[in-house]
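Raw structure26.tsv, TSV, C-alpha atoms:
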```
chain	number	residue	atom	x	y	z
A	45	MET	CA	109.26	112.07	90.96
A	46	ALA	CA	110.81	114.83	88.88
A	47	ARG	CA	114.35	114.22	87.62
A	48	ILE	CA	115.33	117.61	89.07
A	49	ALA	CA	113.92	118.58	92.44
A	50	PRO	CA	111.42	121.44	92.52
A	51	VAL	CA	112.59	124.55	94.35
A	52	ALA	CA	110.85	125.07	97.68
A	53	PRO	CA	109.21	128.49	97.99
A	54	GLU	CA	111.39	129.34	100.98
A	55	ALA	CA	114.53	128.65	98.90
A	56	MET	CA	113.50	131.12	96.17
A	57	SER	CA	114.58	134.73	95.99
A	58	PRO	CA	111.90	137.10	97.26
A	59	GLU	CA	111.33	138.35	93.69
A	60	LEU	CA	110.84	134.85	92.32
A	61	ALA	CA	108.57	133.84	95.20
A	62	GLU	CA	106.52	137.00	94.61
A	63	LEU	CA	106.23	136.23	90.89
A	64	LEU	CA	105.14	132.65	91.50
A	65	ALA	CA	102.59	133.79	94.08
A	66	THR	CA	100.70	135.29	91.12
A	67	ARG	CA	100.51	131.90	89.34
A	68	PRO	CA	98.57	128.77	90.18
A	69	PRO	CA	100.63	126.47	92.44
A	70	TYR	CA	101.71	124.14	89.65
A	71	ASN	CA	104.75	121.89	89.85
A	72	ILE	CA	106.04	123.23	86.53
A	73	TYR	CA	106.79	126.62	88.08
A	74	ARG	CA	108.66	125.13	91.05
A	75	VAL	CA	110.78	122.96	88.73
A	76	LEU	CA	111.42	125.85	86.33
A	77	ALA	CA	112.54	127.90	89.33
A	78	ASN	CA	115.80	125.96	88.92
A	79	ALA	CA	116.39	128.44	86.06
A	80	PRO	CA	115.69	131.62	88.07
A	81	THR	CA	116.83	134.06	85.38
A	82	ALA	CA	114.78	132.38	82.62
A	83	LEU	CA	111.59	131.76	84.59
A	84	PRO	CA	110.38	135.40	84.70
A	85	GLY	CA	110.68	135.70	80.91
A	86	PHE	CA	108.88	132.40	80.43
A	87	VAL	CA	106.05	133.48	82.74
A	88	LYS	CA	105.71	136.76	80.88
A	89	LEU	CA	105.70	135.09	77.44
A	90	ALA	CA	103.28	132.34	78.40
A	91	GLY	CA	101.08	134.87	80.18
A	92	ALA	CA	100.94	137.11	77.12
A	93	LEU	CA	100.06	134.17	74.88
A	94	LEU	CA	97.34	132.99	77.26
A	95	THR	CA	95.78	136.33	78.14
A	96	GLN	CA	96.68	138.98	75.56
A	97	SER	CA	96.67	137.09	72.29
A	98	GLU	CA	94.25	137.85	69.46
A	99	LEU	CA	93.65	134.12	69.05
A	100	ASP	CA	90.27	132.92	70.24
A	101	PRO	CA	90.88	131.24	73.64
A	102	GLN	CA	89.07	128.07	72.60
A	103	LEU	CA	91.09	127.73	69.40
A	104	ARG	CA	94.29	128.53	71.31
A	105	GLU	CA	93.58	125.75	73.79
A	106	MET	CA	92.81	123.30	70.99
A	107	VAL	CA	96.15	124.18	69.39
A	108	ILE	CA	97.97	123.68	72.72
A	109	LEU	CA	96.20	120.36	73.23
A	110	ARG	CA	97.30	119.26	69.76
A	111	VAL	CA	100.89	120.22	70.58
A	112	GLY	CA	100.73	118.33	73.89
A	113	ALA	CA	99.26	115.25	72.19
A	114	LEU	CA	101.87	115.26	69.41
A	115	CYS	CA	104.66	115.69	71.98
A	116	ASN	CA	103.22	112.96	74.24
A	117	SER	CA	103.30	115.32	77.20
A	118	ALA	CA	100.99	114.02	79.91
A	119	TYR	CA	101.49	117.07	82.14
A	120	GLU	CA	100.79	119.52	79.33
A	121	MET	CA	97.67	117.60	78.37
A	122	HIS	CA	96.45	117.49	81.97
A	123	GLN	CA	96.80	121.23	82.51
A	124	HIS	CA	95.40	122.33	79.17
A	125	LEU	CA	92.48	119.90	79.24
A	126	ARG	CA	91.47	121.71	82.39
A	127	LEU	CA	91.99	125.13	80.80
A	128	ALA	CA	90.23	124.13	77.56
A	129	ARG	CA	87.16	123.10	79.52
A	130	HIS	CA	87.38	126.32	81.55
A	131	VAL	CA	87.19	128.45	78.38
A	132	GLY	CA	84.28	126.39	77.05
A	133	VAL	CA	85.78	123.85	74.64
A	134	SER	CA	83.30	120.97	74.33
A	135	GLU	CA	84.36	117.39	74.98
A	136	GLU	CA	83.82	116.61	71.29
A	137	ARG	CA	86.21	119.38	70.28
A	138	VAL	CA	88.72	118.27	72.93
A	139	ARG	CA	88.69	114.76	71.43
A	140	LYS	CA	89.20	116.28	67.99
A	141	ALA	CA	92.18	118.33	69.20
A	142	VAL	CA	93.97	115.40	70.82
A	143	ARG	CA	93.29	112.91	68.04
A	144	THR	CA	96.49	112.84	66.05
A	145	ASP	CA	95.85	109.65	64.07
A	146	ALA	CA	93.17	111.08	61.76
A	147	PRO	CA	93.65	113.59	58.96
A	148	ASP	CA	92.47	117.16	59.51
A	149	ASN	CA	90.66	117.74	56.24
A	150	GLY	CA	87.90	120.15	57.22
A	151	ASP	CA	87.36	123.64	55.91
A	152	THR	CA	86.71	125.39	59.22
A	153	LEU	CA	89.32	127.63	60.81
A	154	GLU	CA	89.56	125.11	63.63
A	155	ASP	CA	90.39	122.31	61.20
A	156	LYS	CA	92.95	124.47	59.42
A	157	LEU	CA	94.62	125.44	62.71
A	158	LEU	CA	94.86	121.82	63.87
A	159	ALA	CA	96.35	120.69	60.55
A	160	PHE	CA	98.75	123.64	60.58
A	161	THR	CA	99.80	122.84	64.16
A	162	THR	CA	100.46	119.22	63.25
A	163	SER	CA	102.67	120.29	60.34
A	164	VAL	CA	104.64	122.79	62.42
A	165	VAL	CA	105.24	120.27	65.21
A	166	GLN	CA	106.13	117.41	62.91
A	167	THR	CA	107.99	119.11	60.06
A	168	VAL	CA	108.87	122.56	61.43
A	169	LYS	CA	107.63	124.47	58.37
A	170	ALA	CA	104.02	124.13	57.33
A	171	PRO	CA	103.34	123.58	53.63
A	172	GLU	CA	102.63	126.76	51.66
A	173	ALA	CA	98.97	125.85	51.09
A	174	GLN	CA	98.38	125.35	54.83
A	175	PHE	CA	100.12	128.59	55.68
A	176	ARG	CA	98.09	130.53	53.11
A	177	ALA	CA	94.83	128.95	54.31
A	178	VAL	CA	95.53	130.05	57.90
A	179	ALA	CA	96.88	133.46	56.90
A	180	ALA	CA	93.75	134.12	54.82
A	181	GLU	CA	91.63	133.93	57.98
A	182	LEU	CA	93.91	135.42	60.61
A	183	SER	CA	95.70	138.74	60.96
A	184	ALA	CA	99.48	138.88	60.77
A	185	ARG	CA	99.50	139.32	64.54
A	186	SER	CA	97.35	136.21	65.06
A	187	VAL	CA	99.50	134.09	62.73
A	188	THR	CA	102.60	135.20	64.60
A	189	GLU	CA	100.99	134.52	67.99
A	190	LEU	CA	99.82	131.13	66.71
A	191	LEU	CA	103.37	130.17	65.76
A	192	MET	CA	104.72	131.50	69.06
A	193	THR	CA	102.07	129.48	70.94
A	194	ILE	CA	102.96	126.31	69.06
A	195	GLY	CA	106.69	126.86	69.63
A	196	THR	CA	106.30	127.78	73.29
A	197	TYR	CA	104.23	124.72	74.10
A	198	MET	CA	106.58	122.46	72.13
A	199	MET	CA	109.36	123.76	74.39
A	200	VAL	CA	107.23	123.37	77.52
A	201	SER	CA	106.27	119.81	76.55
A	202	ARG	CA	109.90	118.85	76.04
A	203	VAL	CA	110.99	120.36	79.35
A	204	LEU	CA	108.10	118.70	81.20
A	205	GLU	CA	108.76	115.28	79.71
A	206	ASN	CA	112.54	115.37	80.12
A	207	LEU	CA	112.32	116.58	83.71
A	208	GLU	CA	109.39	114.23	84.44
A	209	VAL	CA	107.47	116.97	86.23
A	210	GLU	CA	104.77	115.36	88.32
A	211	ILE	CA	101.13	116.06	87.59
A	212	GLU	CA	99.40	117.62	90.56
A	213	GLN	CA	97.06	115.20	92.30
A	214	ASP	CA	94.84	117.86	93.85
A	215	ASP	CA	92.15	119.81	92.08
A	216	ILE	CA	93.67	123.26	91.77
A	217	ASP	CA	90.88	125.75	91.18
A	218	ILE	CA	91.58	127.84	88.10
A	219	ALA	CA	88.07	129.30	87.89
A	220	SER	CA	88.79	131.66	90.77
A	221	ARG	CA	92.02	132.93	89.21
A	222	SER	CA	91.64	136.27	87.49
A	223	TYR	CA	94.63	135.25	85.37
A	224	TYR	CA	92.44	132.98	83.26
A	225	ALA	CA	89.75	134.48	81.07
A	226	PRO	CA	86.20	133.34	81.85
A	227	ALA	CA	84.50	130.66	79.80
A	228	GLN	CA	83.13	131.77	76.45
A	229	SER	CA	80.38	130.44	74.24
A	230	PRO	CA	81.52	127.62	71.94
A	231	ALA	CA	82.83	128.82	68.59
```

Whole structure given in structure tokens:
Amino acid sequence: MARIAPVAPEAMSPELAELLATRPPYNIYRVLANAPTALPGFVKLAGALLTQSELDPQLREMVILRVGALCNSAYEMHQHLRLARHVGVSEERVRKAVRTDAPDNGDTLEDKLLAFTTSVVQTVKAPEAQFRAVAAELSARSVTELLMTIGTYMMVSRVLENLEVEIEQDDIDIASRSYYAPAQSPA
């Protein structure tokens, strides 16, 4: 049970209830509704990072999975495992993203992003060589969105874990939600 009770839809302002009606019925939103002035901004930021970012959706989800794994956030991992599979991340690549006990030494963009993410989560500032390696392959916009994605999901993981938000037991269908981009071919 969550440390802070989720807000029942009928207890929300009409504006907040309307906003959350556009999102999947996840427990995170009902718990975050306890911060009714912050929740709309969070939804807008997370929505922009998930749907309007230049980052490839598969790479974005691998980065979010790495953040969730490094932060030991079961809820974050549960939700983004589902979303990673939805956008076409293979099980092998999922395992790679969540494996935090092995060095990321590859030369692919994926390897560089996972190593970079680990550094940002663990030490705040990535080493210059890692930053340059990522910046050489991404636009300034993508690098900025990458850092905002890492930071946002670090925050989300910490809120989820501290509030002990319960993982949904039902199988919420995200495939029918226009909010989530359709699956893409593996990168």

Could you tell me, as a list of chain:residue names, which residues have any atom at most 9 Å from (104.9, 125.7, 70.5), counting only C-alpha atoms?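 The distance filter leaves exactly A:Val107, A:Ile108, A:Val111, A:Thr161, A:Val164, A:Val165, A:Leu190, A:Leu191, A:Met192, A:Thr193, A:Ile194, A:Gly195, A:Thr196, A:Tyr197, A:Met198, A:Met199, A:Val200, A:Ser201.
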
Would you work out the distance separating atom CA of A:Glu135 from atom CA of A:Glu98, expressed in Å to one decimal? 23.4 Å

Can you tell me which residues surround A:His124 at a distance of at most 9 Å, considering all atoms listed in the file, apart from same-chain residues fewer than 3 positions away, and format the answer as a list of chain:residue names? A:Glu105, A:Met106, A:Ile108, A:Leu109, A:Gly112, A:Tyr119, A:Glu120, A:Met121, A:Leu127, A:Ala128, A:Arg129

Would you compute the box with edges along x, y and z of the file around stretch 136-145 of chain A, including every atom the file lists for it and 6 Å extra on each side, and give its centre and edge lengths in Å to one decimal, as lines of an AutoDock Vina configuration file?
```
center_x = 90.2
center_y = 114.5
center_z = 68.5
size_x = 24.7
size_y = 21.7
size_z = 20.9
```

Determine the nearest neighbour of A:Thr81 from the options A:Leu157, A:Leu93, A:Ser57, A:Gln102, counting only C-alpha atoms.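 Closest candidate: A:Ser57.
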
In Å, with one decimal, what is the gap from atom CA of A:Pro50 to atom CA of A:Val203?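 According to the coordinates, atom CA of A:Pro50 and atom CA of A:Val203 are separated by 13.2 Å.
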
Work out how far atom CA of A:Leu207 is from atom CA of A:Ala146, in Å to one decimal. 29.6 Å

With 7 Å as the threshold, what does the neighbourhood of (108.1, 130.2, 90.6) contain in terms of residues, counting only C-alpha atoms? Coordinates are those of the file; answer as a ChimeraX atom specification. /A:60-61,63-64,73-74,76-77

Counting all atoms listed in the file, what is within 9 Å of A:Asp148, bar same-chain residues fewer than 5 positions away, as a list of chain:residue names? A:Asp155, A:Lys156, A:Leu158, A:Ala159

Requested write-out: C-alpha atoms of the selected residues, as a tab-separated table (two decimals), in the frame of the given file:
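So the final result, stored in again.tsv, reads:
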```tsv
chain	number	residue	atom	x	y	z
A	155	ASP	CA	90.39	122.31	61.20
A	156	LYS	CA	92.95	124.47	59.42
A	158	LEU	CA	94.86	121.82	63.87
A	159	ALA	CA	96.35	120.69	60.55
```

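Considering the residues A:Asn206, A:Ser134, A:Thr144, A:Gln96 and counting all atoms listed in the file, A:Ala113 has its shortest atom-to-atom contact with A:Thr144.
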
Between A:Glu210, A:Glu189, A:Glu154, A:Asp145, which is the closest to A:Ala90 once you count only C-alpha atoms? A:Glu189

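Nearest to A:Thr95 of all the residues A:Val75, A:Val131, A:Pro69, A:Glu62 is A:Val131, counting only C-alpha atoms.
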
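Residues in contact with A:Asn78 at up to 12 Å, not including ones fewer than 5 positions away on its chain and judged by only C-alpha atoms, are A:Arg47, A:Ile48, A:Ala49, A:Pro50, A:Val51, A:Ala52, A:Pro53, A:Ala55, A:Met56, A:Ser57, A:Leu60, A:Asn71, A:Ile72, A:Tyr73, A:Leu83, A:Pro84, A:Leu207.
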
Out of A:Arg185, A:His122, A:Arg104, A:Arg137, which residue has the shortest atom-to-atom distance to A:Leu204 when counting all atoms listed in the file? A:His122

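Minimum distance to A:Glu181 across A:Ala141, A:Ile211, A:Thr152, A:Met45 (counting all atoms listed in the file) occurs at A:Thr152.
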